[in-house]
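**Student:** I have a structure here, written as structure tokens, and I will follow up with some questions on it.
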Amino acid sequence: MKRYSILFIAMTISVVASAQESIEKLFSSLDARGDKTLLSKNHYEDNNDNPTTFCNYEEIVMTKSAFGKLGATFVTTFTNEKDAYKLYSKTLNAPSSFKSEFSVPYGTQNEYSVTFGSHATHNYLVALFRDKKNSDKRHAYAIVWYERGSDIIILHYHIYGNDPARVPQQRVITYDGKQIIDNKGYVVTGLENLEPTINDDLDFMKRFGTLRASFVSTEGDKTLVLYGLVVKIAELCKKHGRLLTDNERATCDKSLSELIKNYSLGDVYLTGMLEEARIALKK
């Protein structure tokens, strides 16, 4: 039976040798081989002149005979270097059966990521290194290889960006059909024009309740989610407040007062938009 291992190693940074240099030489040697074929490559960076984050990726293929014992070379290169502060290893011939995945984010707000360890038939090695000129940044080198018929597919990555353990991550909003999802997995419905039409007071209260619950659930984060929600709450009250009964109007007003008092974080914009919603309900 094939077995896997997951290995996270915290290492003391050494000044004796450059692990990054050794891995980069390994990648360069792969690219220079005449017995391989380039399948795909991609280069992302946020700034051509002075990038603060990037992801370099190449996918190559070679025959099993040409590949030979390269797998052992990959393992040796990654595991023998001491500059890495973390090493992730998941290979088919390892002495354990643990299974897990490991994601490496990048982007100006860590809005992108590459996930390793998700395929049972693949081998994975990922090494992380501190940027010695900027302790908030890190380099991630990764190599993945697996069999496909009579060939071996090899993917290698060099990813640079913020260390998520040292730089707080902001939420990133993505659209998915009739809802908005942030990168922490919280679903916010009731935004944009995909929400059901507000025809009566019950429609209003359902939508108001959804927006309020979403606002409360994001307590503690000054994010695009909160700013988007208060705009939609104010818009709902301005456009459809006339549909409410006196009791419903009073309930919504109390809810808005609660949001201002307990959940607006002292933010002038959030407080101001919620007050606008209250004013609209009184008209």
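Labels for the structure tokens follow display order: chains A, B, ..., residues from 1 in each chain, ligands from 1.
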Applying 12 Å and only C-alpha atoms, which residues near stretch 147-153 of chain A remain after dropping the ones on its own chain fewer than 6 positions away? List them as a list in words.
**Tutor:** Leu30, Asp35, Lys36, Thr37, Leu38, Leu39, Ser40, Glu58, Glu59, Ile60, Val61, Met62, Thr63, Lys64, Ser65, Ala66, Phe67, Gly68, Lys69, Leu70, Gly71, Leu92, His119, Ala120, Thr121, His122 and Asn123 of chain A
**Student:** Using only C-alpha atoms, find the one residue out of A:Pro105, A:Thr53, A:Ile23, A:Ser118 that sits nearest to A:Phe74.
**Tutor:**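 The answer is A:Ile23, which sits nearest to A:Phe74.
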**Student:** Residues of stretch 49-255 of chain A in helix (DSSP H, G or I) according to DSSP, as a ChimeraX atom specification?
**Tutor:** /A:64-67,70-79,192-194,201-217,224-243,246-255
**Student:** Which neighbours of A:Tyr160 fall inside 8 Å, counting only C-alpha atoms, when residues of the same chain fewer than 4 positions from it are skipped, and could you give them as a list in words?
**Tutor:**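 Near A:Tyr160, the qualifying residues are Thr52, Thr53, Phe54, Cys55, Tyr106, Lys137, Arg138, His139 and Ala140 of chain A.
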**Student:** Could you write out, as a PyMOL selection string, all the residues of stretch 62-274 of chain A that DSSP marks as strand (DSSP E)?
**Tutor:** chain A and resi 62-63+86-90+93-97+102-106+112-116+123-131+134-148+151-162+173-176+179-182+187-188
**Student:** May I have the selected residues written with C-alpha atoms, as an mmCIF file, in the first residue's frame?
**Tutor:**
data_model
loop_
_atom_site.group_PDB
_atom_site.id
_atom_site.type_symbol
_atom_site.label_atom_id
_atom_site.label_comp_id
_atom_site.auth_asym_id
_atom_site.auth_seq_id
_atom_site.Cartn_x
_atom_site.Cartn_y
_atom_site.Cartn_z
ATOM 1 C CA MET A 62 9.288 13.946 -19.402
ATOM 2 C CA THR A 63 9.323 10.192 -19.848
ATOM 3 C CA LYS A 86 8.679 25.468 7.413
ATOM 4 C CA LEU A 87 8.680 22.399 5.195
ATOM 5 C CA TYR A 88 5.608 20.594 3.890
ATOM 6 C CA SER A 89 6.201 17.107 2.501
ATOM 7 C CA LYS A 90 3.693 14.623 1.135
ATOM 8 C CA ASN A 93 6.839 6.470 -0.511
ATOM 9 C CA ALA A 94 6.834 8.182 2.880
ATOM 10 C CA PRO A 95 6.466 6.196 6.129
ATOM 11 C CA SER A 96 3.124 7.558 7.336
ATOM 12 C CA SER A 97 -0.544 7.634 6.356
ATOM 13 C CA PHE A 102 -1.364 23.122 2.550
ATOM 14 C CA SER A 103 -2.228 26.453 0.918
ATOM 15 C CA VAL A 104 0.185 29.233 0.013
ATOM 16 C CA PRO A 105 -1.548 32.604 -0.453
ATOM 17 C CA TYR A 106 -0.241 35.517 -2.494
ATOM 18 C CA TYR A 112 -5.017 34.253 -4.413
ATOM 19 C CA SER A 113 -3.604 30.933 -3.277
ATOM 20 C CA VAL A 114 -2.181 27.640 -4.481
ATOM 21 C CA THR A 115 -3.202 24.507 -2.577
ATOM 22 C CA PHE A 116 -0.884 21.527 -2.305
ATOM 23 C CA ASN A 123 4.045 14.022 -4.586
ATOM 24 C CA TYR A 124 4.408 17.425 -2.918
ATOM 25 C CA LEU A 125 7.277 19.418 -1.417
ATOM 26 C CA VAL A 126 6.885 23.030 -0.236
ATOM 27 C CA ALA A 127 9.554 25.069 1.563
ATOM 28 C CA LEU A 128 8.998 28.521 3.102
ATOM 29 C CA PHE A 129 11.723 31.131 3.620
ATOM 30 C CA ARG A 130 11.717 34.515 5.302
ATOM 31 C CA ASP A 131 12.642 37.510 3.187
ATOM 32 C CA ASN A 134 11.396 42.346 4.925
ATOM 33 C CA SER A 135 10.268 40.065 7.754
ATOM 34 C CA ASP A 136 6.595 40.438 6.757
ATOM 35 C CA LYS A 137 7.323 38.785 3.399
ATOM 36 C CA ARG A 138 8.152 35.208 2.535
ATOM 37 C CA HIS A 139 9.265 33.059 -0.379
ATOM 38 C CA ALA A 140 7.567 29.734 -1.040
ATOM 39 C CA TYR A 141 9.154 27.157 -3.348
ATOM 40 C CA ALA A 142 7.138 24.116 -4.306
ATOM 41 C CA ILE A 143 7.518 21.116 -6.573
ATOM 42 C CA VAL A 144 4.864 18.579 -7.498
ATOM 43 C CA TRP A 145 5.301 15.440 -9.579
ATOM 44 C CA TYR A 146 3.090 12.521 -10.571
ATOM 45 C CA GLU A 147 2.719 9.765 -13.162
ATOM 46 C CA ARG A 148 0.509 10.135 -16.210
ATOM 47 C CA ASP A 151 5.252 10.105 -18.472
ATOM 48 C CA ILE A 152 6.006 12.114 -15.348
ATOM 49 C CA ILE A 153 4.389 15.526 -14.945
ATOM 50 C CA ILE A 154 6.399 18.064 -12.931
ATOM 51 C CA LEU A 155 5.126 21.406 -11.660
ATOM 52 C CA HIS A 156 7.312 23.914 -9.862
ATOM 53 C CA TYR A 157 6.389 27.196 -8.189
ATOM 54 C CA HIS A 158 8.108 30.228 -6.745
ATOM 55 C CA ILE A 159 5.599 32.331 -4.798
ATOM 56 C CA TYR A 160 6.413 35.580 -3.000
ATOM 57 C CA GLY A 161 4.140 37.706 -0.861
ATOM 58 C CA ASN A 162 2.912 38.597 2.606
ATOM 59 C CA ILE A 173 -15.448 39.623 -2.081
ATOM 60 C CA THR A 174 -16.361 37.330 -4.944
ATOM 61 C CA TYR A 175 -19.664 37.002 -6.784
ATOM 62 C CA ASP A 176 -21.271 33.592 -7.186
ATOM 63 C CA GLN A 179 -24.826 35.676 -3.495
ATOM 64 C CA ILE A 180 -21.564 37.221 -2.406
ATOM 65 C CA ILE A 181 -18.925 35.161 -0.625
ATOM 66 C CA ASP A 182 -15.930 36.496 1.248
ATOM 67 C CA VAL A 187 -22.123 34.015 2.484
ATOM 68 C CA VAL A 188 -23.885 37.376 2.201
#
**Student:** Find the residue from A:Asn42, A:Ser255, A:Thr108, A:Asn247 that sits nearest to A:Asp201; use only C-alpha atoms when measuring.
**Tutor:**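 Once distances to A:Asp201 are computed over only C-alpha atoms, the minimum belongs to A:Asn247.
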**Student:** In Å to one decimal, how far is atom CA of A:Glu21 from atom CA of A:Asn80?
**Tutor:** 12.9 Å
**Student:** Grab the atom CA of A:Leu270 to atom CA of A:Arg249 distance for me, in Å with one decimal place.
**Tutor:**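 Distance reported for this atom pair: 20.4 Å.
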**Student:** Using only C-alpha atoms, find the one residue out of A:Ile260, A:Ala72, A:Leu211, A:Ala84 that sits nearest to A:Ile233.
**Tutor:**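 Nearest candidate to A:Ile233 out of A:Ile260, A:Ala72, A:Leu211, A:Ala84: A:Leu211.
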**Student:** Tell me, in Å to one decimal, how far atom CA of A:Gly241 is from atom CA of A:Ala280.
**Tutor:**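 Computing the Euclidean distance for atom CA of A:Gly241 and atom CA of A:Ala280 yields 7.0 Å.
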**Student:** Would you pick out the contacts of A:Glu258 at 12 Å or less, using only C-alpha atoms, so that residues sharing its chain but fewer than 6 positions from it are not included, and give the list as a count of residues only?
**Tutor:** 11
**Student:** With a distance cut-off of 12 Å and only C-alpha atoms, select the neighbouring residues of A:Ser22, excluding the residue or stretch itself and same-chain residues fewer than 3 positions from it, and output the selection as a VMD selection string.
**Tutor:** chain A and resid 17 to 19 25 to 29 73 to 74 76 to 84 127 141
